[in-house]
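Text of data.cif, listed as mmCIF, C-alpha atoms:
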```cif
data_coords
#
loop_
_atom_site.group_PDB
_atom_site.id
_atom_site.type_symbol
_atom_site.label_atom_id
_atom_site.label_comp_id
_atom_site.auth_asym_id
_atom_site.auth_seq_id
_atom_site.Cartn_x
_atom_site.Cartn_y
_atom_site.Cartn_z
ATOM 1 C CA MET A 1 15.278 -31.667 4.606
ATOM 2 C CA ASN A 2 12.825 -29.168 3.244
ATOM 3 C CA SER A 3 12.944 -28.792 -0.530
ATOM 4 C CA ALA A 4 11.031 -25.499 -0.506
ATOM 5 C CA ILE A 5 14.066 -23.836 1.074
ATOM 6 C CA ASP A 6 16.637 -25.363 -1.332
ATOM 7 C CA PRO A 7 16.508 -22.676 -4.079
ATOM 8 C CA LEU A 8 17.097 -20.060 -1.327
ATOM 9 C CA LEU A 9 20.165 -21.964 -0.092
ATOM 10 C CA HIS A 10 21.372 -22.361 -3.676
ATOM 11 C CA ARG A 11 20.963 -18.656 -4.351
ATOM 12 C CA LEU A 12 22.544 -17.472 -1.096
ATOM 13 C CA GLU A 13 25.564 -19.630 -1.854
ATOM 14 C CA THR A 14 26.109 -17.733 -5.114
ATOM 15 C CA ILE A 15 26.448 -14.442 -3.219
ATOM 16 C CA GLY A 16 28.217 -15.556 -0.057
ATOM 17 C CA THR A 17 29.112 -18.406 2.249
ATOM 18 C CA LEU A 18 26.694 -20.317 4.453
ATOM 19 C CA THR A 19 28.096 -22.194 7.414
ATOM 20 C CA ASP A 20 26.608 -25.588 8.331
ATOM 21 C CA ALA A 21 24.884 -23.864 11.248
ATOM 22 C CA ASP A 22 23.398 -21.238 8.888
ATOM 23 C CA ARG A 23 22.070 -23.945 6.606
ATOM 24 C CA GLU A 24 20.546 -25.646 9.640
ATOM 25 C CA GLU A 25 18.936 -22.379 10.791
ATOM 26 C CA LEU A 26 17.359 -21.884 7.363
ATOM 27 C CA ARG A 27 16.115 -25.472 7.166
ATOM 28 C CA ARG A 28 14.548 -25.149 10.620
ATOM 29 C CA LEU A 29 12.483 -22.081 9.684
ATOM 30 C CA PRO A 30 8.761 -22.838 9.975
ATOM 31 C CA LEU A 31 7.243 -22.610 6.490
ATOM 32 C CA ARG A 32 3.515 -22.165 6.013
ATOM 33 C CA GLU A 33 3.067 -23.201 2.397
ATOM 34 C CA SER A 34 0.101 -22.289 0.221
ATOM 35 C CA ASP A 35 -0.897 -22.175 -3.436
ATOM 36 C CA LEU A 36 -1.989 -18.897 -4.960
ATOM 37 C CA ALA A 37 -3.771 -18.192 -8.196
ATOM 38 C CA LYS A 38 -2.352 -15.688 -10.665
ATOM 39 C CA GLY A 39 -3.399 -12.183 -9.670
ATOM 40 C CA SER A 40 -3.738 -12.845 -5.911
ATOM 41 C CA GLU A 41 -2.315 -10.169 -3.685
ATOM 42 C CA ILE A 42 -0.012 -11.445 -0.938
ATOM 43 C CA VAL A 43 0.605 -8.175 0.871
ATOM 44 C CA ALA A 44 -1.212 -5.017 -0.177
ATOM 45 C CA ASP A 45 0.299 -1.540 -0.354
ATOM 46 C CA GLY A 46 -0.157 -0.035 3.135
ATOM 47 C CA GLU A 47 -0.710 -3.365 4.883
ATOM 48 C CA VAL A 48 1.289 -4.266 7.996
ATOM 49 C CA SER A 49 2.879 -7.700 7.711
ATOM 50 C CA SER A 50 4.132 -10.093 10.357
ATOM 51 C CA SER A 51 5.700 -12.669 8.070
ATOM 52 C CA CYS A 52 8.039 -12.875 5.082
ATOM 53 C CA CYS A 53 7.156 -14.673 1.906
ATOM 54 C CA LEU A 54 9.499 -17.188 0.260
ATOM 55 C CA VAL A 55 8.659 -18.063 -3.339
ATOM 56 C CA VAL A 56 8.517 -21.853 -3.803
ATOM 57 C CA SER A 57 7.456 -21.909 -7.461
ATOM 58 C CA GLY A 58 5.998 -19.518 -10.011
ATOM 59 C CA TYR A 59 6.555 -15.761 -10.032
ATOM 60 C CA LEU A 60 5.632 -12.900 -7.710
ATOM 61 C CA CYS A 61 5.958 -9.242 -8.570
ATOM 62 C CA ARG A 62 6.331 -6.041 -6.625
ATOM 63 C CA SER A 63 4.345 -3.160 -8.058
ATOM 64 C CA LYS A 64 2.546 0.098 -7.419
ATOM 65 C CA THR A 65 -0.568 1.400 -9.174
ATOM 66 C CA LEU A 66 -1.586 5.002 -9.876
ATOM 67 C CA PRO A 67 -5.160 6.096 -9.071
ATOM 68 C CA ASN A 68 -5.923 5.897 -12.834
ATOM 69 C CA GLY A 69 -5.081 2.192 -12.801
ATOM 70 C CA ASN A 70 -1.696 2.400 -14.560
ATOM 71 C CA ARG A 71 0.623 -0.080 -12.917
ATOM 72 C CA GLN A 72 4.406 -0.203 -12.808
ATOM 73 C CA ILE A 73 5.991 -3.542 -11.961
ATOM 74 C CA PHE A 74 9.313 -2.999 -10.179
ATOM 75 C CA SER A 75 10.661 -6.505 -9.900
ATOM 76 C CA LEU A 76 9.909 -10.173 -10.450
ATOM 77 C CA HIS A 77 10.706 -12.939 -8.002
ATOM 78 C CA THR A 78 10.875 -16.660 -8.436
ATOM 79 C CA ALA A 79 11.815 -19.701 -6.323
ATOM 80 C CA GLY A 80 14.415 -18.905 -3.689
ATOM 81 C CA ASP A 81 13.561 -15.198 -3.446
ATOM 82 C CA ILE A 82 12.108 -13.529 -0.346
ATOM 83 C CA PRO A 83 10.793 -10.351 -1.980
ATOM 84 C CA ASP A 84 9.537 -8.836 1.278
ATOM 85 C CA LEU A 85 12.547 -9.624 3.439
ATOM 86 C CA HIS A 86 12.733 -5.879 4.177
ATOM 87 C CA SER A 87 9.378 -6.193 5.985
ATOM 88 C CA LEU A 88 11.394 -7.497 8.950
ATOM 89 C CA HIS A 89 12.350 -3.882 9.558
ATOM 90 C CA LEU A 90 9.780 -1.936 7.484
ATOM 91 C CA ASN A 91 6.639 -3.836 8.297
ATOM 92 C CA MET A 92 4.200 -1.429 6.665
ATOM 93 C CA MET A 93 4.299 -2.243 2.969
ATOM 94 C CA ASP A 94 5.010 0.727 0.684
ATOM 95 C CA HIS A 95 4.125 -1.286 -2.437
ATOM 96 C CA SER A 96 2.128 -4.355 -3.300
ATOM 97 C CA LEU A 97 3.397 -7.952 -3.512
ATOM 98 C CA SER A 98 1.277 -10.185 -5.730
ATOM 99 C CA ALA A 99 1.280 -13.387 -7.770
ATOM 100 C CA ILE A 100 1.979 -12.662 -11.448
ATOM 101 C CA SER A 101 1.528 -16.365 -12.249
ATOM 102 C CA ASP A 102 -0.028 -19.260 -10.370
ATOM 103 C CA CYS A 103 2.482 -19.912 -7.659
ATOM 104 C CA ARG A 104 3.335 -21.624 -4.417
ATOM 105 C CA ILE A 105 4.675 -19.572 -1.547
ATOM 106 C CA ALA A 106 5.810 -20.237 2.011
ATOM 107 C CA ARG A 107 5.188 -17.686 4.725
ATOM 108 C CA ILE A 108 7.820 -17.452 7.432
ATOM 109 C CA PRO A 109 6.814 -15.591 10.621
ATOM 110 C CA HIS A 110 9.019 -12.567 11.320
ATOM 111 C CA ASP A 111 9.616 -13.831 14.875
ATOM 112 C CA ALA A 112 11.192 -17.055 13.598
ATOM 113 C CA VAL A 113 13.468 -15.089 11.244
ATOM 114 C CA TYR A 114 14.486 -12.653 14.033
ATOM 115 C CA GLU A 115 15.415 -15.591 16.268
ATOM 116 C CA ALA A 116 17.460 -17.307 13.552
ATOM 117 C CA LEU A 117 19.272 -14.054 12.784
ATOM 118 C CA ASP A 118 19.961 -13.441 16.483
ATOM 119 C CA ARG A 119 21.628 -16.848 16.681
ATOM 120 C CA SER A 120 23.682 -16.402 13.515
ATOM 121 C CA PRO A 121 25.538 -13.159 12.785
ATOM 122 C CA THR A 122 26.875 -14.661 9.526
ATOM 123 C CA LEU A 123 23.366 -15.432 8.288
ATOM 124 C CA ASN A 124 22.309 -11.956 9.365
ATOM 125 C CA ALA A 125 25.116 -10.429 7.283
ATOM 126 C CA LEU A 126 24.318 -12.601 4.276
ATOM 127 C CA LEU A 127 20.625 -11.655 4.290
ATOM 128 C CA TRP A 128 21.645 -8.035 4.623
ATOM 129 C CA ARG A 129 23.893 -8.490 1.562
ATOM 130 C CA ASP A 130 20.945 -10.095 -0.247
ATOM 131 C CA THR A 131 18.703 -7.101 0.508
ATOM 132 C CA LEU A 132 21.392 -4.687 -0.697
ATOM 133 C CA ILE A 133 21.706 -6.638 -3.963
ATOM 134 C CA ASP A 134 17.942 -6.337 -4.289
ATOM 135 C CA SER A 135 18.266 -2.556 -4.158
ATOM 136 C CA ALA A 136 21.197 -2.663 -6.616
ATOM 137 C CA ALA A 137 18.839 -4.415 -9.042
ATOM 138 C CA PHE A 138 16.375 -1.536 -8.608
ATOM 139 C CA ARG A 139 19.082 0.975 -9.555
ATOM 140 C CA ALA A 140 20.028 -1.027 -12.635
ATOM 141 C CA TRP A 141 16.378 -1.230 -13.620
ATOM 142 C CA MET A 142 15.741 2.470 -13.003
ATOM 143 C CA LEU A 143 18.539 3.313 -15.441
ATOM 144 C CA MET A 144 16.967 1.112 -18.107
ATOM 145 C CA LEU A 145 13.456 2.476 -17.499
ATOM 146 C CA GLY A 146 14.555 6.085 -17.661
ATOM 147 C CA GLN A 147 17.250 6.030 -20.303
ATOM 148 C CA ALA A 148 17.171 2.986 -22.578
ATOM 149 C CA GLU A 149 15.110 2.268 -25.660
ATOM 150 C CA ALA A 150 12.482 -0.440 -25.466
ATOM 151 C CA VAL A 151 14.503 -3.111 -27.284
ATOM 152 C CA SER A 152 17.476 -2.561 -24.976
ATOM 153 C CA ARG A 153 15.227 -2.551 -21.896
ATOM 154 C CA MET A 154 13.608 -5.820 -22.905
ATOM 155 C CA ALA A 155 16.949 -7.461 -23.704
ATOM 156 C CA HIS A 156 18.271 -6.344 -20.307
ATOM 157 C CA PHE A 157 15.185 -7.724 -18.582
ATOM 158 C CA PHE A 158 15.632 -11.174 -20.136
ATOM 159 C CA CYS A 159 19.375 -11.130 -19.368
ATOM 160 C CA GLU A 160 18.704 -10.346 -15.706
ATOM 161 C CA LEU A 161 15.989 -12.944 -15.325
ATOM 162 C CA PHE A 162 18.120 -15.615 -16.953
ATOM 163 C CA THR A 163 21.071 -14.792 -14.717
ATOM 164 C CA ARG A 164 18.911 -14.813 -11.580
ATOM 165 C CA ALA A 165 17.284 -18.105 -12.599
ATOM 166 C CA ALA A 166 20.803 -19.556 -12.998
ATOM 167 C CA MET A 167 21.718 -18.234 -9.515
ATOM 168 C CA ALA A 168 18.786 -20.149 -8.000
ATOM 169 C CA GLY A 169 19.565 -23.293 -10.019
ATOM 170 C CA LEU A 170 16.398 -22.919 -12.104
ATOM 171 C CA THR A 171 17.773 -22.856 -15.642
ATOM 172 C CA GLU A 172 17.773 -25.847 -17.917
ATOM 173 C CA ASN A 173 20.587 -25.484 -20.446
ATOM 174 C CA ASN A 174 19.802 -22.080 -21.947
ATOM 175 C CA THR A 175 16.118 -21.939 -21.029
ATOM 176 C CA PHE A 176 13.966 -20.973 -18.056
ATOM 177 C CA ALA A 177 10.240 -20.795 -17.338
ATOM 178 C CA LEU A 178 8.594 -17.362 -17.412
ATOM 179 C CA PRO A 179 4.793 -17.461 -17.200
ATOM 180 C CA LEU A 180 4.047 -13.861 -18.220
ATOM 181 C CA THR A 181 1.552 -12.249 -20.591
ATOM 182 C CA GLN A 182 2.172 -9.411 -23.050
ATOM 183 C CA ALA A 183 0.309 -7.061 -20.708
ATOM 184 C CA ASP A 184 2.693 -8.012 -17.876
ATOM 185 C CA LEU A 185 5.695 -7.374 -20.128
ATOM 186 C CA GLY A 186 4.326 -3.901 -20.901
ATOM 187 C CA ASP A 187 3.827 -3.133 -17.196
ATOM 188 C CA ILE A 188 7.377 -4.274 -16.459
ATOM 189 C CA LEU A 189 8.991 -2.327 -19.287
ATOM 190 C CA GLY A 190 6.812 0.764 -18.823
ATOM 191 C CA ILE A 191 5.484 0.618 -22.384
ATOM 192 C CA SER A 192 2.175 -0.221 -24.034
ATOM 193 C CA MET A 193 1.263 -3.856 -24.642
ATOM 194 C CA VAL A 194 1.448 -3.271 -28.381
ATOM 195 C CA HIS A 195 4.944 -1.790 -28.190
ATOM 196 C CA ALA A 196 6.033 -4.645 -25.888
ATOM 197 C CA ASN A 197 4.714 -7.190 -28.376
ATOM 198 C CA ARG A 198 6.446 -5.407 -31.243
ATOM 199 C CA THR A 199 9.703 -5.241 -29.300
ATOM 200 C CA LEU A 200 9.521 -8.951 -28.501
ATOM 201 C CA GLN A 201 9.006 -9.721 -32.178
ATOM 202 C CA ASP A 202 12.052 -7.557 -32.907
ATOM 203 C CA LEU A 203 14.212 -9.591 -30.468
ATOM 204 C CA ARG A 204 12.912 -12.849 -31.927
ATOM 205 C CA GLY A 205 13.583 -11.557 -35.453
ATOM 206 C CA ARG A 206 17.205 -10.856 -34.509
ATOM 207 C CA GLY A 207 17.532 -14.501 -33.455
ATOM 208 C CA VAL A 208 18.962 -13.655 -30.014
ATOM 209 C CA MET A 209 16.197 -15.241 -27.949
ATOM 210 C CA ASP A 210 12.789 -16.833 -28.089
ATOM 211 C CA PHE A 211 9.810 -16.687 -25.758
ATOM 212 C CA ASP A 212 7.258 -19.349 -26.496
ATOM 213 C CA GLN A 213 4.807 -21.344 -24.366
ATOM 214 C CA GLN A 214 6.057 -19.445 -21.316
ATOM 215 C CA ILE A 215 9.620 -20.635 -21.831
ATOM 216 C CA VAL A 216 12.454 -18.213 -22.538
ATOM 217 C CA SER A 217 15.295 -19.597 -24.662
ATOM 218 C CA ILE A 218 18.538 -17.700 -24.877
ATOM 219 C CA LEU A 219 19.853 -18.264 -28.380
ATOM 220 C CA ARG A 220 22.762 -15.819 -28.631
ATOM 221 C CA TRP A 221 23.758 -14.732 -25.162
ATOM 222 C CA GLN A 222 26.566 -12.328 -26.080
ATOM 223 C CA GLU A 223 24.408 -10.495 -28.616
ATOM 224 C CA LEU A 224 21.462 -10.316 -26.238
ATOM 225 C CA ARG A 225 23.768 -8.935 -23.557
ATOM 226 C CA LYS A 226 25.166 -6.345 -25.923
ATOM 227 C CA LEU A 227 21.675 -5.242 -26.980
ATOM 228 C CA GLY A 228 20.606 -4.972 -23.340
ATOM 229 C CA GLN A 229 23.883 -3.320 -22.268
ATOM 230 C CA PHE A 230 23.748 -5.909 -19.524
ATOM 231 C CA ASP A 231 26.615 -5.920 -17.040
ATOM 232 C CA PRO A 232 25.717 -8.465 -14.338
ATOM 233 C CA SER A 233 28.107 -6.990 -11.751
ATOM 234 C CA TYR A 234 25.147 -5.367 -9.923
ATOM 235 C CA LEU A 235 23.934 -8.878 -9.021
ATOM 236 C CA HIS A 236 27.155 -9.348 -7.041
ATOM 237 C CA TYR A 237 27.409 -13.104 -7.450
ATOM 238 C CA LEU A 238 30.766 -14.542 -6.572
ATOM 239 C CA ASP A 239 33.096 -15.897 -9.251
ATOM 240 C CA GLY A 240 32.491 -19.520 -10.126
ATOM 241 C CA ARG A 241 29.368 -19.813 -7.968
ATOM 242 C CA VAL A 242 26.677 -19.700 -10.631
ATOM 243 C CA GLY A 243 27.218 -23.314 -11.623
ATOM 244 C CA ARG A 244 27.119 -25.136 -14.893
ATOM 245 C CA ASP A 245 24.642 -22.706 -16.411
ATOM 246 C CA ASN A 246 26.776 -19.685 -15.614
ATOM 247 C CA PRO A 247 25.464 -17.234 -18.224
ATOM 248 C CA ALA A 248 28.827 -15.524 -18.371
ATOM 249 C CA LYS A 249 30.155 -18.726 -19.942
ATOM 250 C CA LEU A 250 27.405 -19.434 -22.461
ATOM 251 C CA MET B 1 -11.415 -11.807 -26.116
ATOM 252 C CA PRO B 2 -11.101 -10.784 -29.778
ATOM 253 C CA ARG B 3 -7.705 -10.773 -31.456
ATOM 254 C CA PHE B 4 -6.295 -7.667 -33.105
ATOM 255 C CA TYR B 5 -3.257 -7.172 -35.320
ATOM 256 C CA PHE B 6 -1.085 -4.052 -35.238
ATOM 257 C CA ASP B 7 0.958 -3.399 -38.383
ATOM 258 C CA PHE B 8 3.468 -0.565 -38.219
ATOM 259 C CA ALA B 9 5.270 1.260 -41.008
ATOM 260 C CA SER B 10 8.255 3.533 -40.549
ATOM 261 C CA ASN B 11 8.614 5.448 -43.841
ATOM 262 C CA ASP B 12 8.517 2.577 -46.350
ATOM 263 C CA ASP B 13 9.660 -0.075 -43.907
ATOM 264 C CA VAL B 14 6.582 -2.119 -43.037
ATOM 265 C CA SER B 15 6.533 -4.607 -40.158
ATOM 266 C CA VAL B 16 3.561 -6.901 -40.291
ATOM 267 C CA ASP B 17 2.241 -8.259 -37.011
ATOM 268 C CA THR B 18 2.053 -12.023 -37.441
ATOM 269 C CA ILE B 19 1.027 -12.790 -33.860
ATOM 270 C CA GLY B 20 -1.510 -10.175 -32.862
ATOM 271 C CA GLN B 21 -2.928 -9.839 -29.386
ATOM 272 C CA GLU B 22 -6.154 -10.342 -27.550
ATOM 273 C CA LEU B 23 -7.801 -7.243 -26.110
ATOM 274 C CA GLU B 24 -11.178 -6.595 -24.529
ATOM 275 C CA ASN B 25 -12.642 -4.631 -27.434
ATOM 276 C CA GLU B 26 -12.005 -2.381 -30.414
ATOM 277 C CA ASP B 27 -11.865 0.725 -28.250
ATOM 278 C CA MET B 28 -9.002 -0.782 -26.258
ATOM 279 C CA ALA B 29 -7.210 -1.743 -29.495
ATOM 280 C CA HIS B 30 -7.580 1.863 -30.686
ATOM 281 C CA LYS B 31 -6.123 3.258 -27.442
ATOM 282 C CA GLU B 32 -3.222 0.788 -27.406
ATOM 283 C CA ALA B 33 -2.378 1.556 -31.051
ATOM 284 C CA VAL B 34 -2.191 5.312 -30.442
ATOM 285 C CA LYS B 35 -0.125 4.838 -27.280
ATOM 286 C CA ALA B 36 2.321 2.568 -29.120
ATOM 287 C CA LEU B 37 2.561 5.036 -32.020
ATOM 288 C CA ALA B 38 3.545 7.812 -29.604
ATOM 289 C CA GLU B 39 6.104 5.575 -27.859
ATOM 290 C CA ILE B 40 7.697 4.509 -31.129
ATOM 291 C CA ALA B 41 7.789 8.140 -32.314
ATOM 292 C CA ALA B 42 9.570 9.145 -29.091
ATOM 293 C CA GLU B 43 12.317 6.632 -29.879
ATOM 294 C CA GLU B 44 12.525 7.222 -33.629
ATOM 295 C CA ILE B 45 12.276 11.011 -33.933
ATOM 296 C CA PRO B 46 15.537 11.841 -32.097
ATOM 297 C CA ARG B 47 17.348 9.877 -34.817
ATOM 298 C CA ASP B 48 16.274 12.846 -36.995
ATOM 299 C CA GLY B 49 15.421 12.847 -40.662
ATOM 300 C CA GLU B 50 11.956 12.839 -42.133
ATOM 301 C CA LEU B 51 9.757 10.197 -40.622
ATOM 302 C CA VAL B 52 6.266 8.978 -41.363
ATOM 303 C CA LEU B 53 4.984 6.440 -38.855
ATOM 304 C CA THR B 54 1.788 4.572 -39.558
ATOM 305 C CA VAL B 55 -0.157 2.075 -37.510
ATOM 306 C CA THR B 56 -2.916 -0.060 -38.965
ATOM 307 C CA VAL B 57 -5.166 -2.080 -36.689
ATOM 308 C CA THR B 58 -7.001 -5.038 -38.166
ATOM 309 C CA ASP B 59 -9.383 -7.587 -36.724
ATOM 310 C CA ALA B 60 -8.821 -11.345 -36.709
ATOM 311 C CA GLU B 61 -10.039 -11.519 -40.340
ATOM 312 C CA ARG B 62 -7.483 -8.874 -41.262
ATOM 313 C CA GLN B 63 -10.141 -6.228 -41.988
ATOM 314 C CA THR B 64 -8.783 -2.746 -41.263
ATOM 315 C CA LEU B 65 -10.490 -1.171 -38.270
ATOM 316 C CA PHE B 66 -8.375 1.878 -37.755
ATOM 317 C CA THR B 67 -5.310 3.606 -39.048
ATOM 318 C CA ALA B 68 -3.290 6.529 -37.706
ATOM 319 C CA GLN B 69 -0.272 8.372 -39.003
ATOM 320 C CA MET B 70 2.320 10.669 -37.535
ATOM 321 C CA THR B 71 4.697 12.785 -39.613
ATOM 322 C CA PHE B 72 7.939 14.365 -38.469
ATOM 323 C CA ARG B 73 9.469 16.855 -40.900
ATOM 324 C CA PRO B 74 12.593 18.761 -39.851
ATOM 325 C CA THR B 75 12.593 22.282 -41.307
ATOM 326 C CA ILE B 76 15.561 24.593 -41.732
#
```

What is this file in structure tokens?
Amino acid sequence: MNSAIDPLLHRLETIGTLTDADREELRRLPLRESDLAKGSEIVADGEVSSSCCLVVSGYLCRSKTLPNGNRQIFSLHTAGDIPDLHSLHLNMMDHSLSAISDCRIARIPHDAVYEALDRSPTLNALLWRDTLIDSAAFRAWMLMLGQAEAVSRMAHFFCELFTRAAMAGLTENNTFALPLTQADLGDILGISMVHANRTLQDLRGRGVMDFDQQIVSILRWQELRKLGQFDPSYLHYLDGRVGRDNPAKL
Amino acid sequence: MPRFYFDFASNDDVSVDTIGQELENEDMAHKEAVKALAEIAAEEIPRDGELVLTVTVTDAERQTLFTAQMTFRPTI
């Protein structure tokens, strides 16, 4: 029993079916755990990697930075995510993976993952599905970044993070932990820190959510969803698999 | 880091910043305020109609450091 792998199992079971043998394969993966301070880079843009990184706690982000220092964050990843699973096949990183909060990660050597996938075609297919869902999330986010107003973008962001936290079994009633700063929020939403702060105050003022002491509370899910034009179908979770905190049922 | 407050007004509708944010220095606060003003204008102007957007930056003691205004006036 390895608890670091549990959120991954939990999450994979919301998007597909794991056989007992698959579960065993995942539990047998060698995990090299380490603690990282906020801001540490795990794999740099251009670096060649020989292991994947499973998030155990805290948040990682994938980002790219322009020569002038402006950074765009593409995605956030918490416990149960393997944000560089694609490095199994594209081992030269085309973006950077770093810790956006203090976090604990587990590195899994590519060789061990290849072997597990060779033994289990069903696990192979499920991880492929997981990677495709990852790219579906990019498409959903690209639409928001390019076409939606800031308040809608921010509402969508909180809706997605809440849903994904629920998929990994990390929500507590209608709350989840999100250790981000205003500057991070700006870099995620593609807006200035000041506009991000103003937009957050707008969402709070509407009474749909709160974000205090690094905890997000969903207060009026349906209204938040409507504001964010959030349709969770791009996350491809299976009916009835998101558990007692299924956001669709809040 | 010092704390700055960013109050915005859209025509007569004033939204007072009750939280503020910490930034390295006044120069950074100035830059952030102008960037935010431009972003808000980009969202508000397509709604059409005359629009006067104002940002006022104050320090932690609520002393005004900087103010900027942008006016959009549709003409026939």

Using all atoms listed in the file, I'd like a table of the residues in chain B that come within 10 Å of chain A; for each, show the closest atom pair and its distance in Å rounded to one decimal, ordered by chain and ascending number, as CSV.
```
residue,atom,partner,partner_atom,distance
B:Tyr5,CA,A:Val194,CA,9.2
B:Phe6,CA,A:Val194,CA,7.4
B:Asp7,CA,A:Arg198,CA,9.2
B:Phe8,CA,A:Arg198,CA,9.0
B:Ser15,CA,A:Arg198,CA,9.0
B:Val16,CA,A:Arg198,CA,9.6
B:Asp17,CA,A:Arg198,CA,7.7
B:Thr18,CA,A:Gln201,CA,9.0
B:Ile19,CA,A:Asn197,CA,8.7
B:Gly20,CA,A:Asn197,CA,8.2
B:Gln21,CA,A:Val194,CA,8.0
B:Glu22,CA,A:Gln182,CA,9.5
B:Leu23,CA,A:Ala183,CA,9.7
B:Ala29,CA,A:Val194,CA,8.9
B:Lys31,CA,A:Ser192,CA,9.6
B:Glu32,CA,A:Val194,CA,6.3
B:Ala33,CA,A:Val194,CA,6.7
B:Val34,CA,A:Ser192,CA,9.5
B:Lys35,CA,A:Ser192,CA,6.4
B:Ala36,CA,A:His195,CA,5.2
B:Leu37,CA,A:His195,CA,8.2
B:Ala38,CA,A:His195,CA,9.8
B:Glu39,CA,A:Ile191,CA,7.4
B:Ile40,CA,A:His195,CA,7.5
B:Ala42,CA,A:Glu149,CA,9.5
B:Glu43,CA,A:Glu149,CA,6.7
B:Glu44,CA,A:Glu149,CA,9.7
```

Writer output for current selection, C-alpha atoms, as a PDB file, in the coordinates of the input:
```
ATOM      1  CA  TYR B   5      -3.257  -7.172 -35.320  1.00  0.00           C
ATOM      2  CA  PHE B   6      -1.085  -4.052 -35.238  1.00  0.00           C
ATOM      3  CA  ASP B   7       0.958  -3.399 -38.383  1.00  0.00           C
ATOM      4  CA  PHE B   8       3.468  -0.565 -38.219  1.00  0.00           C
ATOM      5  CA  SER B  15       6.533  -4.607 -40.158  1.00  0.00           C
ATOM      6  CA  VAL B  16       3.561  -6.901 -40.291  1.00  0.00           C
ATOM      7  CA  ASP B  17       2.241  -8.259 -37.011  1.00  0.00           C
ATOM      8  CA  THR B  18       2.053 -12.023 -37.441  1.00  0.00           C
ATOM      9  CA  ILE B  19       1.027 -12.790 -33.860  1.00  0.00           C
ATOM     10  CA  GLY B  20      -1.510 -10.175 -32.862  1.00  0.00           C
ATOM     11  CA  GLN B  21      -2.928  -9.839 -29.386  1.00  0.00           C
ATOM     12  CA  GLU B  22      -6.154 -10.342 -27.550  1.00  0.00           C
ATOM     13  CA  LEU B  23      -7.801  -7.243 -26.110  1.00  0.00           C
ATOM     14  CA  ALA B  29      -7.210  -1.743 -29.495  1.00  0.00           C
ATOM     15  CA  LYS B  31      -6.123   3.258 -27.442  1.00  0.00           C
ATOM     16  CA  GLU B  32      -3.222   0.788 -27.406  1.00  0.00           C
ATOM     17  CA  ALA B  33      -2.378   1.556 -31.051  1.00  0.00           C
ATOM     18  CA  VAL B  34      -2.191   5.312 -30.442  1.00  0.00           C
ATOM     19  CA  LYS B  35      -0.125   4.838 -27.280  1.00  0.00           C
ATOM     20  CA  ALA B  36       2.321   2.568 -29.120  1.00  0.00           C
ATOM     21  CA  LEU B  37       2.561   5.036 -32.020  1.00  0.00           C
ATOM     22  CA  ALA B  38       3.545   7.812 -29.604  1.00  0.00           C
ATOM     23  CA  GLU B  39       6.104   5.575 -27.859  1.00  0.00           C
ATOM     24  CA  ILE B  40       7.697   4.509 -31.129  1.00  0.00           C
ATOM     25  CA  ALA B  42       9.570   9.145 -29.091  1.00  0.00           C
ATOM     26  CA  GLU B  43      12.317   6.632 -29.879  1.00  0.00           C
ATOM     27  CA  GLU B  44      12.525   7.222 -33.629  1.00  0.00           C
TER      28      GLU B  44
END
```

Would you pick out the contacts of Ser49 in chain A at 8 Å or less, using all atoms listed in the file, so that residues sharing its chain but fewer than 6 positions from it are not included, and give the list as a PyMOL selection string? chain A and resi 43+87+91-93

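CA of Leu54 in chain A lies 14.0 Å from CA of Arg28 in chain A.
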
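Taking CA of Thr199 in chain A and CA of His156 in chain A as the two end points, the separation is 12.5 Å.
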
Spell out the residues picked by the PyMOL selection byres ((chain B and resi 65) around 10) here, as a PyMOL selection string. chain B and resi 4-5+26+29-30+56-59+62-64+66-67

Using all atoms listed in the file, which residues sit within 9 Å of range 131-133 of chain A once same-chain residues fewer than 6 positions away are excluded, as a VMD selection string? chain A and resid 83 85 to 86 234 to 236

Selection in question (the file shown): the PyMOL selection byres ((chain B and resi 75) around 10). Which residues does it include, as an MDAnalysis selection string? chainID B and resid 49:50 72:74 76

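Using all atoms listed in the file, the contacts of Ala116 in chain A at a cut-off of 8 Å, with sequence neighbours closer than 2 positions omitted, comprise Glu25, Leu26, Leu29, Ala112, Val113, Tyr114, Asp118, Arg119 and Ser120 of chain A.
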
Under the PyMOL selection byres ((chain A and resi 127) around 10), which residues of this model are included? Write them out as number ranges by chain. A: 12, 15-16, 82, 85-86, 117, 121-126, 128-133

With all atoms listed in the file as the counted atoms, please give the residues lying no more than 10 Å from Thr71 in chain B, apart from itself and same-chain residues fewer than 6 positions off, as a ChimeraX atom specification. /B:10-11,41,45,50-54

Closest of A:Ala155, A:Asp102, A:Arg225, A:Asp231 to Leu200 in chain A - atom-to-atom distances counting all atoms listed in the file: A:Ala155

Pairwise distance, CA of Met167 in chain A with CA of Leu8 in chain A, equals 9.6 Å

What's around Phe158 in chain A at 12 Å? Count all atoms listed in the file, leave out sequence neighbours fewer than 4 positions away in its own chain, and write the answer as a PyMOL selection string. chain A and resi 76+141+151-154+162-165+174-178+185+188-189+200+203+208-211+215-219+221+224-225+227-230+232+247
